[in-house]
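Source file: input-v1.tsv (TSV, C-alpha atoms)
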```tsv
chain	number	residue	atom	x	y	z
A	207	MET	CA	-4.29	-4.13	-1.88
A	208	LYS	CA	-5.49	-7.23	-3.65
A	209	LEU	CA	-7.48	-6.29	-6.76
A	210	GLN	CA	-9.46	-8.34	-9.25
A	211	TYR	CA	-7.04	-7.50	-12.08
A	212	PRO	CA	-3.29	-6.79	-12.23
A	213	PHE	CA	-3.82	-3.31	-13.75
A	214	ILE	CA	-6.77	-0.92	-13.81
A	215	GLN	CA	-6.70	2.42	-15.65
A	216	LEU	CA	-8.82	5.13	-14.04
A	217	PRO	CA	-10.90	7.37	-16.34
A	218	LEU	CA	-8.82	10.51	-15.69
A	219	THR	CA	-5.93	12.16	-17.51
A	220	PHE	CA	-3.75	15.11	-16.50
A	221	ASP	CA	-1.34	17.59	-18.06
A	222	ALA	CA	2.00	15.93	-17.42
A	223	ALA	CA	3.99	18.87	-18.83
A	224	VAL	CA	2.49	21.29	-16.29
A	225	LEU	CA	3.15	18.84	-13.47
A	226	ALA	CA	6.76	18.38	-14.61
A	227	ALA	CA	7.31	22.16	-14.71
A	228	GLU	CA	5.99	22.53	-11.14
A	229	ILE	CA	8.33	19.79	-9.96
A	230	ASP	CA	11.35	21.20	-11.80
A	231	ALA	CA	10.81	24.54	-10.05
A	232	LEU	CA	11.42	22.88	-6.67
A	233	GLY	CA	15.00	22.00	-7.60
A	234	GLU	CA	17.09	18.94	-6.85
A	235	SER	CA	17.61	19.50	-3.12
A	236	VAL	CA	14.08	18.33	-2.21
A	237	TRP	CA	14.68	14.81	-3.52
A	238	ARG	CA	15.66	12.15	-0.99
A	239	PRO	CA	17.42	8.81	-1.58
A	240	HIS	CA	15.40	5.69	-1.01
A	241	PRO	CA	15.33	4.95	2.77
A	242	GLN	CA	16.64	1.43	2.21
A	243	GLY	CA	19.23	2.65	-0.31
A	244	PHE	CA	17.89	0.87	-3.38
A	245	PRO	CA	20.00	1.99	-6.38
A	246	GLY	CA	18.37	4.44	-8.76
A	247	ASN	CA	15.35	5.08	-6.52
A	248	SER	CA	14.64	8.50	-4.99
A	249	ALA	CA	11.55	10.26	-3.69
A	250	LEU	CA	10.05	13.69	-3.07
A	251	PRO	CA	7.67	13.48	-0.07
A	252	LEU	CA	4.26	15.12	-0.57
A	253	ILE	CA	2.17	13.68	2.27
A	254	ALA	CA	3.95	12.36	5.34
A	255	THR	CA	3.49	11.75	9.05
A	256	ASP	CA	2.86	15.16	10.66
A	257	GLY	CA	3.82	16.74	7.32
A	258	ASP	CA	7.50	15.99	7.96
A	259	PRO	CA	9.25	15.29	4.62
A	260	GLY	CA	12.01	13.48	6.51
A	261	ASN	CA	9.62	10.92	8.00
A	262	ASP	CA	9.07	7.82	5.83
A	263	ASP	CA	6.75	6.08	8.30
A	264	VAL	CA	3.32	4.95	7.15
A	265	ARG	CA	1.75	5.41	10.60
A	266	GLY	CA	0.32	8.46	12.30
A	267	CYS	CA	-1.44	11.62	11.19
A	268	MET	CA	-0.70	12.17	7.51
A	269	ARG	CA	-0.40	15.80	6.51
A	270	PRO	CA	0.91	17.75	3.48
A	271	THR	CA	4.61	18.53	3.41
A	272	PRO	CA	5.87	22.03	2.52
A	273	HIS	CA	6.70	20.65	-0.94
A	274	LEU	CA	3.06	19.85	-1.71
A	275	GLN	CA	2.03	23.37	-0.76
A	276	LYS	CA	4.19	24.62	-3.65
A	277	LEU	CA	2.55	22.37	-6.27
A	278	PRO	CA	-0.91	23.82	-7.01
A	279	TYR	CA	-1.77	21.66	-10.02
A	280	LEU	CA	-0.55	18.51	-8.33
A	281	ARG	CA	-2.90	19.30	-5.44
A	282	GLU	CA	-5.70	19.52	-8.01
A	283	VAL	CA	-4.72	16.11	-9.35
A	284	LEU	CA	-4.98	14.66	-5.86
A	285	GLY	CA	-8.27	16.45	-5.26
A	286	SER	CA	-9.77	14.99	-8.43
A	287	LEU	CA	-9.27	11.48	-7.04
A	288	GLN	CA	-11.76	12.12	-4.19
A	289	ALA	CA	-9.80	9.89	-1.83
A	290	VAL	CA	-8.38	9.86	1.70
A	291	PHE	CA	-4.59	9.88	1.38
A	292	GLY	CA	-1.85	8.14	3.31
A	293	ARG	CA	1.85	8.59	2.65
A	294	SER	CA	2.27	9.93	-0.88
A	295	ARG	CA	5.34	10.87	-2.86
A	296	LEU	CA	6.87	11.59	-6.21
A	297	MET	CA	8.91	8.51	-7.06
A	298	ARG	CA	11.89	8.81	-9.39
A	299	LEU	CA	13.56	5.84	-11.04
A	300	SER	CA	16.78	6.72	-12.82
A	301	GLY	CA	17.65	5.48	-16.30
A	302	GLN	CA	18.86	1.90	-16.62
A	303	ALA	CA	17.44	1.06	-13.18
A	304	GLU	CA	14.65	-1.11	-11.87
A	305	VAL	CA	12.33	-1.77	-8.97
A	306	THR	CA	13.11	-5.37	-8.13
A	307	PRO	CA	10.32	-8.00	-7.98
A	308	HIS	CA	8.38	-8.01	-4.71
A	309	VAL	CA	4.95	-8.45	-3.13
A	310	ASP	CA	3.54	-5.81	-0.76
A	311	VAL	CA	2.62	-7.94	2.23
A	312	ASP	CA	2.83	-5.67	5.27
A	313	TYR	CA	-0.26	-4.55	7.18
A	314	TYR	CA	-0.32	-1.11	5.59
A	315	TRP	CA	-0.69	-2.62	2.13
A	316	ARG	CA	-3.60	-4.87	3.01
A	317	ASP	CA	-6.08	-2.00	2.55
A	318	HIS	CA	-3.99	0.61	0.75
A	319	MET	CA	-3.57	0.88	-2.98
A	320	ARG	CA	-1.10	2.96	-4.98
A	321	VAL	CA	-2.43	5.44	-7.51
A	322	HIS	CA	0.17	6.10	-10.21
A	323	VAL	CA	0.17	9.21	-12.39
A	324	PRO	CA	3.19	9.14	-14.76
A	325	ILE	CA	4.66	12.61	-15.11
A	326	VAL	CA	8.01	12.04	-16.81
A	327	THR	CA	8.27	8.74	-18.65
A	328	GLN	CA	9.15	7.07	-21.94
A	329	PRO	CA	8.03	3.89	-23.74
A	330	GLU	CA	11.03	1.98	-22.40
A	331	VAL	CA	9.56	2.12	-18.87
A	332	SER	CA	7.59	-1.08	-18.26
A	333	PHE	CA	5.50	-2.14	-15.28
A	334	HIS	CA	5.13	-5.88	-14.68
A	335	CYS	CA	2.44	-7.36	-12.43
A	336	GLY	CA	0.85	-10.79	-12.25
A	337	GLY	CA	2.37	-11.91	-15.53
A	338	GLN	CA	1.23	-8.81	-17.44
A	339	ARG	CA	3.39	-5.99	-18.78
A	340	ILE	CA	2.24	-2.43	-19.54
A	341	HIS	CA	3.62	1.05	-20.10
A	342	MET	CA	1.84	3.78	-18.17
A	343	ALA	CA	1.86	6.81	-20.44
A	344	ALA	CA	2.41	10.37	-19.23
A	345	GLY	CA	-0.71	11.93	-17.72
A	346	GLU	CA	-2.61	8.67	-17.32
A	347	CYS	CA	-3.89	7.34	-13.99
A	348	TRP	CA	-3.52	3.74	-12.81
A	349	ILE	CA	-3.91	1.40	-9.86
A	350	PHE	CA	-2.53	-2.13	-9.68
A	351	ASP	CA	-2.68	-5.27	-7.56
A	352	THR	CA	0.15	-4.96	-5.04
A	353	TRP	CA	-0.69	-8.41	-3.64
A	354	ARG	CA	0.79	-9.95	-6.81
A	355	ASN	CA	4.48	-10.06	-7.59
A	356	HIS	CA	5.43	-6.87	-9.43
A	357	LYS	CA	8.43	-4.92	-10.68
A	358	VAL	CA	9.33	-1.86	-12.78
A	359	ILE	CA	12.09	-1.64	-15.39
A	360	ASN	CA	13.41	1.62	-16.84
A	361	SER	CA	15.61	0.59	-19.76
A	362	ALA	CA	15.84	4.16	-21.07
A	363	ASP	CA	18.60	6.62	-20.17
A	364	ARG	CA	16.19	9.25	-18.81
A	365	ALA	CA	14.66	9.10	-15.34
A	366	ARG	CA	11.03	8.20	-14.76
A	367	ILE	CA	8.94	10.28	-12.34
A	368	HIS	CA	5.51	9.15	-11.11
A	369	LEU	CA	3.12	10.64	-8.63
A	370	VAL	CA	2.50	7.70	-6.27
A	371	ALA	CA	-0.42	8.37	-3.93
A	372	ASP	CA	-1.30	5.80	-1.26
A	373	THR	CA	-4.97	5.59	-0.36
A	374	VAL	CA	-7.63	3.39	1.20
A	375	GLY	CA	-10.07	5.04	-1.20
A	376	GLY	CA	-13.32	6.84	-0.42
A	377	SER	CA	-16.86	6.78	-1.81
A	378	GLY	CA	-16.04	9.21	-4.62
A	379	PHE	CA	-12.86	7.32	-5.45
A	380	TRP	CA	-14.65	4.01	-5.79
A	381	ASP	CA	-17.19	5.63	-8.13
A	382	ILE	CA	-14.21	6.59	-10.32
A	383	VAL	CA	-12.83	3.05	-10.17
A	384	ALA	CA	-16.23	1.71	-11.28
A	385	ARG	CA	-15.81	3.68	-14.54
A	386	SER	CA	-12.30	2.42	-15.16
A	387	ARG	CA	-10.96	0.05	-17.82
A	388	VAL	CA	-8.93	-3.15	-17.65
A	389	PRO	CA	-6.26	-3.61	-20.33
A	390	GLY	CA	-7.25	-6.40	-22.71
A	391	HIS	CA	-10.94	-6.25	-21.78
A	392	ALA	CA	-13.00	-4.54	-24.48
A	393	ALA	CA	-15.66	-2.25	-22.98
A	394	PRO	CA	-16.98	1.30	-23.56
A	395	TRP	CA	-14.64	3.70	-21.79
A	396	LYS	CA	-13.80	7.38	-21.82
A	397	ALA	CA	-11.29	9.34	-19.75
A	398	ALA	CA	-12.02	12.88	-18.53
A	399	HIS	CA	-9.13	15.35	-18.74
A	400	VAL	CA	-8.46	17.40	-15.61
A	401	ALA	CA	-6.73	20.60	-16.71
A	402	PRO	CA	-5.08	23.16	-14.41
A	403	GLY	CA	-7.80	25.19	-12.72
A	404	ASP	CA	-10.53	22.55	-13.11
A	405	VAL	CA	-10.42	21.63	-9.41
A	406	ALA	CA	-10.36	24.97	-7.64
A	407	SER	CA	-9.03	24.95	-4.06
A	408	PRO	CA	-9.23	21.17	-3.62
A	409	ALA	CA	-10.11	20.11	-0.07
A	410	LEU	CA	-7.72	17.21	0.42
A	411	ARG	CA	-8.41	14.57	3.05
A	412	PHE	CA	-5.60	12.87	4.94
A	413	GLU	CA	-5.42	9.83	7.19
A	414	SER	CA	-5.49	10.46	10.92
A	415	THR	CA	-5.96	6.82	11.95
A	416	ASN	CA	-4.23	3.99	10.15
A	417	LEU	CA	-3.10	1.40	12.70
A	418	PRO	CA	-5.14	-0.06	15.58
A	419	THR	CA	-4.05	0.32	19.18
A	420	VAL	CA	-5.17	-3.26	19.65
A	421	MET	CA	-6.61	-5.16	16.70
A	422	THR	CA	-10.29	-5.87	17.27
A	423	PRO	CA	-11.36	-9.53	17.30
A	424	TRP	CA	-13.40	-8.84	14.16
A	425	GLU	CA	-10.43	-7.51	12.23
A	426	LEU	CA	-8.24	-10.31	13.55
A	427	ARG	CA	-10.71	-12.85	12.21
A	428	GLU	CA	-10.94	-11.06	8.85
A	429	GLN	CA	-7.16	-10.87	8.44
A	430	MET	CA	-6.67	-14.53	9.31
A	431	THR	CA	-9.49	-15.57	6.97
A	432	PHE	CA	-7.87	-13.61	4.15
A	433	VAL	CA	-4.49	-15.29	4.66
A	434	LEU	CA	-5.95	-18.78	4.96
A	435	ASP	CA	-8.06	-18.30	1.83
A	436	GLU	CA	-4.91	-17.32	-0.07
A	437	ALA	CA	-3.03	-20.51	0.90
A	438	VAL	CA	-1.76	-23.10	-1.53
A	439	PRO	CA	-3.61	-26.35	-0.68
A	440	ASP	CA	-1.81	-28.23	2.08
A	441	PRO	CA	-2.96	-31.09	4.35
A	442	ARG	CA	-1.92	-29.06	7.39
A	443	LEU	CA	-4.35	-26.24	6.67
A	444	GLY	CA	-7.05	-27.85	8.81
A	445	GLN	CA	-4.79	-27.68	11.86
A	446	LEU	CA	-3.91	-24.06	11.08
A	447	HIS	CA	-7.61	-23.20	10.87
A	448	GLN	CA	-8.04	-24.74	14.32
A	449	LEU	CA	-5.19	-22.69	15.77
A	450	ALA	CA	-6.62	-19.53	14.20
A	451	GLY	CA	-10.08	-20.30	15.58
A	452	GLN	CA	-8.69	-20.78	19.08
A	453	LEU	CA	-6.80	-17.50	18.81
A	454	GLY	CA	-9.95	-15.70	17.65
A	455	ARG	CA	-12.05	-16.99	20.54
A	456	ASP	CA	-9.41	-16.12	23.13
A	457	TRP	CA	-8.87	-12.68	21.55
A	458	ARG	CA	-12.61	-12.01	21.72
A	459	ALA	CA	-12.61	-12.81	25.44
A	460	LEU	CA	-9.58	-10.58	26.04
A	461	TRP	CA	-11.30	-7.79	24.11
A	462	ALA	CA	-14.43	-8.11	26.24
A	463	TRP	CA	-12.20	-7.85	29.32
A	464	HIS	CA	-9.70	-5.16	28.28
A	465	GLY	CA	-10.75	-3.50	25.04
A	466	GLU	CA	-7.83	-1.27	24.03
A	467	ASP	CA	-6.78	-0.59	27.64
A	468	GLU	CA	-3.00	-0.67	27.99
A	469	ALA	CA	-3.41	-2.77	31.11
A	470	GLY	CA	-4.35	-5.67	28.86
A	471	TRP	CA	-1.53	-5.36	26.33
A	472	SER	CA	0.64	-7.95	28.07
A	473	ASP	CA	-2.23	-10.47	27.98
A	474	TYR	CA	-2.80	-9.84	24.28
A	475	ARG	CA	0.91	-10.13	23.59
A	476	ALA	CA	1.24	-13.39	25.52
A	477	ARG	CA	-1.66	-14.94	23.59
A	478	MET	CA	-0.30	-13.79	20.24
A	479	THR	CA	3.19	-15.05	21.09
A	480	ARG	CA	1.76	-18.47	21.87
A	481	PHE	CA	-0.17	-18.56	18.59
A	482	MET	CA	2.85	-17.49	16.54
A	483	ARG	CA	5.01	-20.15	18.16
A	484	GLU	CA	2.44	-22.88	17.49
A	485	ALA	CA	1.81	-21.70	13.93
A	486	GLU	CA	5.50	-21.49	13.10
A	487	GLY	CA	6.01	-25.09	14.07
A	488	LEU	CA	3.12	-26.10	11.82
A	489	CYS	CA	3.64	-23.88	8.77
A	490	GLN	CA	7.15	-24.78	7.63
A	491	GLY	CA	7.10	-24.82	3.82
A	492	MET	CA	3.52	-23.57	3.52
A	493	ARG	CA	3.03	-20.79	0.97
A	494	LEU	CA	0.38	-18.50	-0.42
A	495	GLN	CA	-0.70	-18.44	-4.05
A	496	ASN	CA	1.42	-15.34	-4.70
A	497	GLY	CA	4.52	-17.20	-3.52
A	498	LEU	CA	4.85	-15.67	-0.05
A	499	PRO	CA	5.67	-17.92	2.90
A	500	MET	CA	2.60	-18.46	5.05
A	501	MET	CA	4.33	-17.35	8.26
A	502	ARG	CA	5.57	-14.12	6.72
A	503	ALA	CA	2.01	-13.21	5.76
A	504	ILE	CA	0.62	-14.11	9.19
A	505	ALA	CA	3.36	-12.16	10.94
A	506	SER	CA	2.96	-9.11	8.71
A	507	LEU	CA	-0.83	-8.91	8.78
A	508	VAL	CA	-1.46	-10.05	12.36
A	509	GLY	CA	1.47	-11.04	14.55
A	510	LEU	CA	3.52	-7.87	14.35
A	511	VAL	CA	0.68	-5.34	14.39
A	512	ALA	CA	-2.07	-6.77	16.60
A	513	VAL	CA	-0.89	-4.99	19.77
A	514	ALA	CA	0.16	-1.37	20.12
A	515	ASP	CA	3.37	-2.14	22.01
A	516	ASP	CA	4.74	-3.47	18.71
A	517	VAL	CA	4.17	-0.03	17.20
A	518	ALA	CA	6.09	1.63	20.01
A	519	THR	CA	9.07	-0.68	19.62
A	520	GLY	CA	9.04	-0.54	15.83
A	521	LYS	CA	8.81	-4.29	15.28
A	522	ALA	CA	6.48	-4.17	12.30
A	523	ASP	CA	8.24	-4.03	8.95
A	524	GLU	CA	6.65	-1.64	6.44
A	525	ARG	CA	9.43	-1.64	3.86
A	526	SER	CA	7.67	-3.60	1.14
A	527	GLY	CA	6.11	-1.59	-1.65
A	528	ALA	CA	8.21	1.46	-0.91
A	529	MET	CA	9.83	1.53	-4.33
A	530	ALA	CA	7.28	1.20	-7.14
```
Starting from the file, lay out its structure as structure tokens.
Amino acid sequence: MKLQYPFIQLPLTFDAAVLAAEIDALGESVWRPHPQGFPGNSALPLIATDGDPGNDDVRGCMRPTPHLQKLPYLREVLGSLQAVFGRSRLMRLSGQAEVTPHVDVDYYWRDHMRVHVPIVTQPEVSFHCGGQRIHMAAGECWIFDTWRNHKVINSADRARIHLVADTVGGSGFWDIVARSRVPGHAAPWKAAHVAPGDVASPALRFESTNLPTVMTPWELREQMTFVLDEAVPDPRLGQLHQLAGQLGRDWRALWAWHGEDEAGWSDYRARMTRFMREAEGLCQGMRLQNGLPMMRAIASLVGLVAVADDVATGKADERSGAMA
């Protein structure tokens, strides 16, 4: 999710030692290598599609895995955030390893943010985002702007373990964010400590809907507006705006005719294919302000996810942001 600042520290702290002890009790067998095989990266799934710890997808009904059921204080930590959760995991980065620079561009990341709670860490672990560098200390709570280029470096010998909870937020969560602090900006600020037992029997909320069957014309327009507003100035942008406007009008007519009915999917797909072909011929060399190629952003946020048949065939790429 694009945020106003690279890093925001939420006004909550937790007992990292208790969290680490809970995790240690699970043993090593519950940890899984990174699905794309990135060196030094491993994960322990906490919330996954249908509660299946072997499923790394970001789509579908998100439910707690058996591992989360065995972590009572960690469930309290999640409950204190007052959010609706998508895929969430413990992320481990071994010593002398890094999360390579990347931007989270895929559809999932447009509205999701990552809440980080460092559990096992050391000062040599640094998080870089948007030209800023910070160390997230054990027990703190952070969010960051995944729309900017970011990376993590662990130059220590010991592994780093963070709780990484994906969320679109929630009214209570945004109230917490409103009381947060931005590094380098002086303002009154105080963090509340959430100790074990402070959040009794937390009622966690999980995503049940996270990808449209067919993107509505209103979301289509919003996604295209976002991408176009992020563009580096280019004399061809006027033509791209025209193509996007034509797509939006045609999509609105198709929606009035078909709605989400599967009978209309082929019509939606044909119109999107035409737009993508026309845009690709126009957008060669065009980039966004965060360095991404224009066509990659359009494809990720619209082209590959606007029609449900793309979900069924697995065309959309949700790999970005899976490491940090």
How many Å lie between atom CA of Ala343 of chain A and atom CA of Ala222 of chain A, rounded to one decimal? 9.6 Å
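Checking A:Glu282, A:Glu425, A:Glu234, A:Glu468 one by one against Gly403 of chain A, counting all atoms listed in the file, you find the shortest gap at A:Glu282.
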Pick out the closest residue to Ala409 of chain A from this set: A:Ala226, A:Gln210, A:Gln288, A:Asn247. Count only C-alpha atoms.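 Among A:Ala226, A:Gln210, A:Gln288, A:Asn247, it is A:Gln288 that comes nearest to Ala409 of chain A.
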Any idea what's packed within 8 Å of Asp262 of chain A, counting all atoms listed in the file, ignoring anything in its chain fewer than 4 positions away? Could you give it as a list in words?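 Everything that qualifies: Pro241, Ala254, Thr255 and Arg293 of chain A.
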Would you export the selected residues with C-alpha atoms as a short mmCIF file (atom, residue, chain, number, x, y, z; two decimals), in the frame of the given file, please?
```
data_model
loop_
_atom_site.label_atom_id
_atom_site.label_comp_id
_atom_site.auth_asym_id
_atom_site.auth_seq_id
_atom_site.Cartn_x
_atom_site.Cartn_y
_atom_site.Cartn_z
CA PRO A 241 15.33 4.95 2.77
CA ALA A 254 3.95 12.36 5.34
CA THR A 255 3.49 11.75 9.05
CA ARG A 293 1.85 8.59 2.65
#
```
Shortest interatomic distance to Thr271 of chain A - which of A:Leu252, A:Ala289, A:Asp404, A:Ser332, counting only C-alpha atoms: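 Checking each candidate against Thr271 of chain A, we get A:Leu252 as the closest.
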Here is a test: counting only C-alpha atoms, which residue of A:Ile504, A:Ile229, A:Ile349, A:Leu218 is nearest to Lys396 of chain A? A:Leu218
So that I can see what lies close to Val374 of chain A, please list as a list in words the residues with an atom at most 8 Å from it, counting all atoms listed in the file and leaving out residues fewer than 3 positions away in the same chain.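 Near Val374 of chain A, the qualifying residues are Ala289, Val290, Phe291, Gly292, Asp317, His318 and Met319 of chain A.
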Quick one: residues within 7 Å of Arg354 of chain A, all atoms listed in the file, excluding same-chain residues fewer than 4 positions away - as number ranges by chain? A: 309, 335-336, 496
